[in-house]
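**Student:** Structure incoming, see below.
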Amino acid sequence: QVQPVESGGGLVQPGGSLRLSCAASGSINSIYVMGWYRQAPGKERELVARIISGGRTNYADFVKGRFTISRDNAKNTVYLQMNSLKPEDTAVYYCYIVRVGSNSYIWGQGTQVTVSS
């Protein structure tokens with residue numbers, strides 16, 4: 001089994017930056033996609049960014065130009081660099097993994113990001 005573990009959330013002022021990390025443990029060779037969703041209070045969970053085996057990335061329109069997803073294969077870790085943060089970016093950010101040959105998402109426990117002055 002493979003499991004994602006997030007870290008790096010916190011409180012930041014508008015315009016600031018944070019970097020989230022998602023470390024994968026277990027059967028890492030079976031990973032096809034790793035990425036991030038977020039969920040704000042009273043809202044549905046929404047895709048933020050993802051990176052697919054081979055390196056292709058996708059971003060939600062609301063983070064393009066501000067967030068960057070990257071991967072360190074040696075550390076089995078995916079990062080989400082978040083710049084120019086806005087109050088509306090406040091949410092719980094969840095890392096997820098999709099394994100090769102599967103349609104199921106494996107979720108991390110989530111990390112809170114709060115953007116406020």
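If you're wondering about the labels, chains in the structure tokens are A, B, ... by order shown, residues count from 1 in each chain, ligands from 1 in order shown.
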Just the residues within 7 Å of range 85-96 of chain A, please, counting only C-alpha atoms, with nothing from its chain fewer than 2 positions along; format it as number ranges by chain.
**Tutor:** A: 4, 6, 14-17, 22, 34-40, 82-83, 98, 105-116
**Student:** Could you list, as a ChimeraX atom specification, every residue within 8 Å of Asn58 in chain A, counting only C-alpha atoms and ignoring same-chain residues fewer than 3 positions away?
**Tutor:** /A:49-51
**Student:** Kindly indicate which residue among A:Leu11, A:Ile97, A:Ile52, A:Leu80 lies nearest to Phe67 in chain A, using only C-alpha atoms for the distances.
**Tutor:**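 Of the candidates, the smallest distance to Phe67 in chain A is held by A:Leu80.
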**Student:** Show which residues sit within 8 Å of Gly8 in chain A, as a list in words. Count only C-alpha atoms, and ignore same-chain residues fewer than 5 positions away.
**Tutor:** Leu18, Arg19, Leu20, Ser21 and Thr111 of chain A
**Student:** Have a look at CA of Val48 in chain A and CA of Lys64 in chain A and let me know their distance in Å, one decimal.
**Tutor:**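 Interatomic distance here is 9.3 Å.
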**Student:** For Ser27 in chain A, which residue out of A:Gly10, A:Gly65, A:Val2, A:Ala74 is the nearest one, using only C-alpha atoms?
**Tutor:**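 Looking only at the distances to Ser27 in chain A, the closest residue turns out to be A:Val2.
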**Student:** Taking only C-alpha atoms into account, name the residue in A:Ser104, A:Ser84, A:Asn73, A:Thr68 that is nearest to Gly54 in chain A.
**Tutor:** A:Asn73
**Student:** Using Å and a single decimal, report how far CA of Arg71 in chain A sits from CA of Arg56 in chain A.
**Tutor:** 10.7 Å
**Student:** One decimal, Å: what's the distance from CA of Ser117 in chain A over to CA of Gln13 in chain A, could you say?
**Tutor:**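 Separating CA of Ser117 in chain A from CA of Gln13 in chain A is a distance of 5.0 Å.
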**Student:** Using DSSP secondary structure from the backbone, list all helix (DSSP H, G or I) positions within chain A, as a list in words.
**Tutor:**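 Secondary structure check on chain A, helix (DSSP H, G or I): Ile28, Asn29, Ser30, Asp61, Phe62, Val63, Asn73, Ala74, Lys75, Pro87, Glu88 and Asp89 of chain A.
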**Student:** Taking the chain letters and numbering used in this document, name the residues of range 14-109 of chain A that DSSP puts in strand (DSSP E), as an MDAnalysis selection string.
**Tutor:** chainID A and resid 18:26 31:39 46:52 57:59 67:72 77:82 91:99 105:107
**Student:** Can you list, as a list of chain:residue names, every protein, DNA or RNA residue that comes within 10 Å of Asn29 in chain A when you count only C-alpha atoms, leaving out same-chain residues fewer than 5 positions away?
**Tutor:**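 Non-adjacent residues within range: A:Val2, A:Asn76, A:Arg99, A:Val100.
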